[in-house]
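Asks: This is the content of work00.cif (mmCIF, C-alpha atoms):
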data_data
loop_
_atom_site.label_atom_id
_atom_site.label_comp_id
_atom_site.auth_asym_id
_atom_site.auth_seq_id
_atom_site.Cartn_x
_atom_site.Cartn_y
_atom_site.Cartn_z
CA MET I 1 -17.03 9.02 11.32
CA LEU I 2 -14.43 9.70 8.63
CA ALA I 3 -13.71 13.17 10.00
CA TRP I 4 -13.20 11.67 13.46
CA LEU I 5 -10.80 9.09 12.05
CA ARG I 6 -8.85 11.79 10.21
CA THR I 7 -8.64 14.42 12.95
CA ASN I 8 -8.91 12.92 16.44
CA LYS I 9 -5.62 12.87 18.38
CA TYR I 10 -6.63 9.70 20.25
CA VAL I 11 -7.22 7.96 16.94
CA ALA I 12 -3.74 9.12 15.92
CA ILE I 13 -2.34 7.40 19.00
CA LEU I 14 -4.28 4.22 18.18
CA MET I 15 -2.94 4.44 14.62
CA ILE I 16 0.61 4.14 15.98
CA PHE I 17 -0.17 0.63 17.22
CA ILE I 18 -2.07 -0.38 14.09
CA ARG I 19 0.52 0.91 11.66
CA VAL I 20 3.47 -0.53 13.61
CA TYR I 21 1.80 -3.95 13.70
CA LEU I 22 0.90 -3.72 10.03
CA GLY I 23 4.34 -2.37 9.13
CA TYR I 24 6.03 -5.20 10.98
CA GLN I 25 4.04 -7.72 8.94
CA TRP I 26 5.15 -6.05 5.72
CA ILE I 27 8.77 -5.45 6.67
CA GLU I 28 9.16 -9.03 7.90
CA GLY I 29 7.76 -10.45 4.65
CA GLY I 30 9.93 -8.14 2.57
CA TRP I 31 13.06 -8.89 4.60
CA HIS I 32 12.58 -12.67 4.24
CA LYS I 33 12.23 -12.23 0.49
CA LEU I 34 15.23 -9.88 0.25
CA THR I 35 17.53 -12.21 2.21
CA GLY I 36 16.09 -15.60 1.24
CA GLY I 37 16.46 -15.73 -2.52
CA PHE I 38 12.89 -14.87 -3.51
CA ASP I 39 11.61 -16.08 -6.88
CA ALA I 40 8.04 -15.23 -7.91
CA ALA I 41 8.05 -17.62 -10.90
CA GLY I 42 6.48 -20.53 -9.02
CA PHE I 43 3.77 -18.33 -7.53
CA LEU I 44 2.98 -16.79 -10.91
CA LYS I 45 2.91 -20.18 -12.66
CA ASN I 46 0.49 -21.46 -10.03
CA ALA I 47 -1.71 -18.37 -10.40
CA ILE I 48 -1.87 -19.01 -14.15
CA ALA I 49 -2.43 -22.77 -13.83
CA ASN I 50 -4.98 -22.49 -11.00
CA PRO I 51 -6.82 -19.19 -11.43
CA ILE I 52 -9.83 -18.32 -9.31
CA ALA I 53 -12.84 -19.65 -11.17
CA ASP I 54 -16.56 -19.98 -10.49
CA LYS I 55 -17.21 -23.48 -9.09
CA THR I 56 -20.32 -24.10 -11.20
CA THR I 57 -19.52 -22.43 -14.53
CA HIS I 58 -15.71 -22.71 -14.32
CA GLU I 59 -15.46 -19.19 -15.73
CA LEU I 60 -12.55 -17.09 -14.54
CA VAL I 61 -13.50 -14.63 -11.83
CA TYR I 62 -10.60 -12.28 -12.68
CA PRO I 63 -9.81 -12.94 -16.35
CA ASN I 64 -8.01 -9.60 -16.81
CA PHE I 65 -5.74 -10.32 -13.87
CA VAL I 66 -4.89 -13.79 -15.21
CA TYR I 67 -4.10 -12.17 -18.56
CA PHE I 68 -1.86 -9.62 -16.78
CA ILE I 69 0.03 -12.36 -14.94
CA GLU I 70 0.42 -14.53 -18.02
CA HIS I 71 1.38 -11.81 -20.51
CA PHE I 72 3.18 -9.22 -18.37
CA ALA I 73 4.21 -10.48 -14.94
CA MET I 74 5.52 -13.88 -16.02
CA PRO I 75 7.65 -12.58 -18.92
CA ASN I 76 9.03 -9.92 -16.53
CA VAL I 77 9.44 -12.17 -13.50
CA LYS I 78 12.99 -10.89 -12.86
CA LEU I 79 11.57 -7.40 -12.43
CA PHE I 80 8.88 -8.70 -10.06
CA ASN I 81 11.54 -10.57 -8.08
CA ILE I 82 13.00 -7.14 -7.28
CA ILE I 83 9.84 -5.02 -7.01
CA ILE I 84 7.90 -7.27 -4.62
CA PRO I 85 10.50 -7.64 -1.83
CA ILE I 86 11.61 -4.01 -2.01
CA GLY I 87 7.98 -2.86 -2.15
CA GLU I 88 7.03 -4.95 0.87
CA PHE I 89 10.04 -3.70 2.82
CA LEU I 90 9.37 -0.05 1.96
CA VAL I 91 5.66 -0.33 2.83
CA GLY I 92 6.66 -1.79 6.19
CA ALA I 93 9.26 0.91 6.84
CA GLY I 94 6.84 3.68 5.89
CA LEU I 95 4.17 2.33 8.21
CA ILE I 96 6.49 1.72 11.15
CA LEU I 97 8.18 5.12 10.87
CA GLY I 98 4.96 6.95 10.01
CA GLY I 99 6.55 8.40 6.87
CA LEU I 100 4.30 8.83 3.84
CA THR I 101 1.90 6.68 5.82
CA ALA I 102 -1.13 6.99 3.56
CA ALA I 103 0.98 6.17 0.49
CA ALA I 104 2.51 3.17 2.25
CA ALA I 105 -0.96 1.94 3.25
CA PHE I 106 -2.21 2.42 -0.33
CA PHE I 107 0.63 0.41 -1.86
CA GLY I 108 0.28 -2.25 0.83
CA LEU I 109 -3.40 -2.56 -0.05
CA LEU I 110 -2.54 -2.73 -3.73
CA MET I 111 -0.14 -5.63 -3.12
CA ASN I 112 -2.63 -7.39 -0.85
CA PHE I 113 -5.31 -7.23 -3.52
CA MET I 114 -2.89 -8.52 -6.17
CA PHE I 115 -2.06 -11.49 -3.95
CA MET I 116 -5.77 -12.17 -3.32
CA PHE I 117 -6.62 -11.90 -7.04
CA ALA I 118 -3.96 -14.55 -7.60
CA GLY I 119 -5.73 -16.85 -5.14
CA THR I 120 -3.83 -16.49 -1.86
CA LEU I 121 -5.73 -15.65 1.27
CA ASN I 122 -3.65 -16.38 4.40
CA THR I 123 -3.37 -13.04 6.28
CA ASN I 124 -4.21 -10.82 3.31
CA PRO I 125 -7.84 -10.02 4.30
CA TRP I 126 -6.71 -9.06 7.81
CA LEU I 127 -3.97 -6.86 6.38
CA VAL I 128 -6.48 -5.30 3.96
CA LEU I 129 -8.78 -4.42 6.86
CA LEU I 130 -6.01 -2.80 8.89
CA GLY I 131 -4.48 -1.14 5.83
CA GLY I 132 -7.88 0.30 4.91
CA ILE I 133 -8.25 1.80 8.38
CA VAL I 134 -4.80 3.40 8.10
CA LEU I 135 -5.58 4.70 4.61
CA PHE I 136 -8.91 6.17 5.70
CA ALA I 137 -7.20 7.86 8.65
CA GLY I 138 -5.00 9.62 6.09
CA THR I 139 -2.42 12.00 7.49
CA ASN I 140 -3.74 11.45 11.02
CA ALA I 141 -2.25 7.94 10.89
CA GLY I 142 1.23 9.47 10.65
CA ARG I 143 0.59 12.42 12.97
CA TYR I 144 2.93 10.89 15.54
CA GLY I 145 5.61 9.81 13.10
CA LEU I 146 7.78 11.19 10.33
CA ASP I 147 4.72 12.63 8.56
CA TYR I 148 4.57 15.34 11.23
CA TYR I 149 7.83 16.73 9.82
CA LEU I 150 7.78 15.36 6.28
CA LEU I 151 4.35 16.44 5.02
CA PRO I 152 4.80 20.19 5.69
CA LEU I 153 8.14 20.04 3.84
CA LEU I 154 6.53 18.24 0.91
CA ARG I 155 3.63 20.71 0.78
CA LYS I 156 6.09 23.61 0.75
CA ALA I 157 8.21 21.99 -1.97
CA LEU I 158 5.19 21.27 -4.16
CA LYS I 159 3.90 24.86 -4.11
CA HIS I 160 5.01 27.21 -6.83
CA LYS I 161 4.41 30.83 -7.75
CA LYS I 162 1.59 31.63 -10.13
CA PRO I 163 3.03 33.50 -13.14
CA GLY I 164 2.28 37.25 -12.93
CA GLY I 165 0.37 37.08 -9.65
CA GLY I 166 0.80 37.29 -5.93
CA GLU I 167 -0.86 33.97 -5.24
CA THR I 168 0.70 30.61 -4.70
CA MET I 169 -0.74 27.73 -6.69
CA THR I 170 -0.77 24.21 -5.35
CA PRO I 171 -0.41 21.25 -7.72
CA ILE I 172 -4.17 20.67 -7.72
CA GLY I 173 -4.77 24.24 -8.83
CA THR I 174 -6.25 25.83 -5.73
CA ALA I 175 -5.06 29.33 -4.91
CA ASN I 176 -3.80 30.29 -1.48
CA ALA I 177 -3.54 33.97 -0.50
CA HIS I 178 -0.31 35.18 1.09
#
Before we go any further, please render this structure as structure tokens.

Replies:
Amino acid sequence: MLAWLRTNKYVAILMIFIRVYLGYQWIEGGWHKLTGGFDAAGFLKNAIANPIADKTTHELVYPNFVYFIEHFAMPNVKLFNIIIPIGEFLVGAGLILGGLTAAAAFFGLLMNFMFMFAGTLNTNPWLVLLGGIVLFAGTNAGRYGLDYYLLPLLRKALKHKKPGGGETMTPIGTANAH
């Protein structure tokens, strides 16, 4: 099933529709935050004050995440006020254009999970499902997008000559014969 998702040209065509829809959701959210004076402080304060807890034991479900919000995100809220809108916008642009599609899907999923750990649900589970499909499709999701041109250039740029040999080494250390 995974091989089919990653190689089938009809899946690649379907991925255009999924990633454009998903990208539009991200780019719209990012654009509203970029142009509307976004401030994450209220959201972070609420996530600290009302963390997700077990209804019977009242123990925190994600204590490490609450600690992260309280001791890192909140003191650096100005940084998060920049990173979140730009990140959302770039994820959306990457998905719509099909450029670095798998990376865009990964970072979109990462943001979705952070929002869900903080207690928001709204469309996040739906976006996680679609983002997961795009991520599992890998490079096939961007086959009909900028990835068609961009990924070969990146692969070529990341290769380097092995010292003293006639082989080319890729960053993960696998040799390719000339």

Asks: Looking at I:Glu59, I:Asn64, I:Ile69, I:Ala12, which one is nearest to I:Lys45, with distances taken over only C-alpha atoms?

Replies: I:Ile69

Asks: For the PyMOL selection byres ((chain I and resi 107) around 12), applied here, can you spell out every residue it catches as a VMD selection string?

Replies: chain I and resid 23 26 83 to 84 86 to 92 94 to 95 100 to 106 108 to 114 127 to 128 131 to 132 134 to 135

Asks: Quick one: distance from atom CA of I:Pro51 to atom CA of I:Phe72 in Å, one decimal?

Replies: 15.7 Å

Asks: Could you check the closest approach to I:Phe43 for each of I:Asn8, I:Asn81, I:Asn140, I:Asn122 and tell me which residue wins, using only C-alpha atoms?

Replies: I:Asn81

Asks: I'd like the box whose edges run along x, y and z of the file and which contains every listed atom of stretch 36-42 of chain I, padded by 6 Å per side; could you state its centre and edge lengths in Å, one decimal, as lines of an AutoDock Vina configuration file?

Replies:
center_x = 11.5
center_y = -17.7
center_z = -4.8
size_x = 22.0
size_y = 17.7
size_z = 24.1

Asks: Please evaluate the PyMOL selection byres ((chain I and resi 6) around 12) against the structure above and give the resulting residues as a PyMOL selection string.

Replies: chain I and resi 1-5+7-15+102+133-143

Asks: What's the separation between atom CA of I:Leu34 and atom CA of I:Tyr21, in Å to one decimal place?

Replies: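 Computing the Euclidean distance for atom CA of I:Leu34 and atom CA of I:Tyr21 yields 19.9 Å.
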
Asks: Which residues come within 9 Å of I:Leu151, counting only C-alpha atoms, excluding same-chain residues fewer than 4 positions away, as a list in words?

Replies: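 Counting only C-alpha atoms, the residues come to Gly99, Leu100, Thr139, Leu146, Asp147, Arg155 and Lys156 of chain I.
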
Asks: To one decimal in Å, tell me the separation between atom CA of I:Gly37 and atom CA of I:Arg19.

Replies: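 Taking atom CA of I:Gly37 as the start and atom CA of I:Arg19 as the end point, the length is 27.1 Å.
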
Asks: Which of these, I:Ala93, I:Ala40, I:Val61, I:Ile18, has the shortest distance to I:Phe117 once you count all atoms listed in the file?

Replies: I:Val61

Asks: List as a VMD selection string the protein and nucleic acid residues near I:Tyr62, meaning an atom at most 12 Å away when all atoms listed in the file are counted, but skip any in the same chain fewer than 4 places from it.

Replies: chain I and resid 47 to 48 50 to 54 58 66 to 69 113 to 114 116 to 119

Asks: Pick from I:Leu154, I:Leu97, I:Leu121, I:Leu129: nearest to I:Ile27, with all atoms listed in the file counted?

Replies: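 Among the listed residues, the smallest separation from I:Ile27 belongs to I:Leu97.
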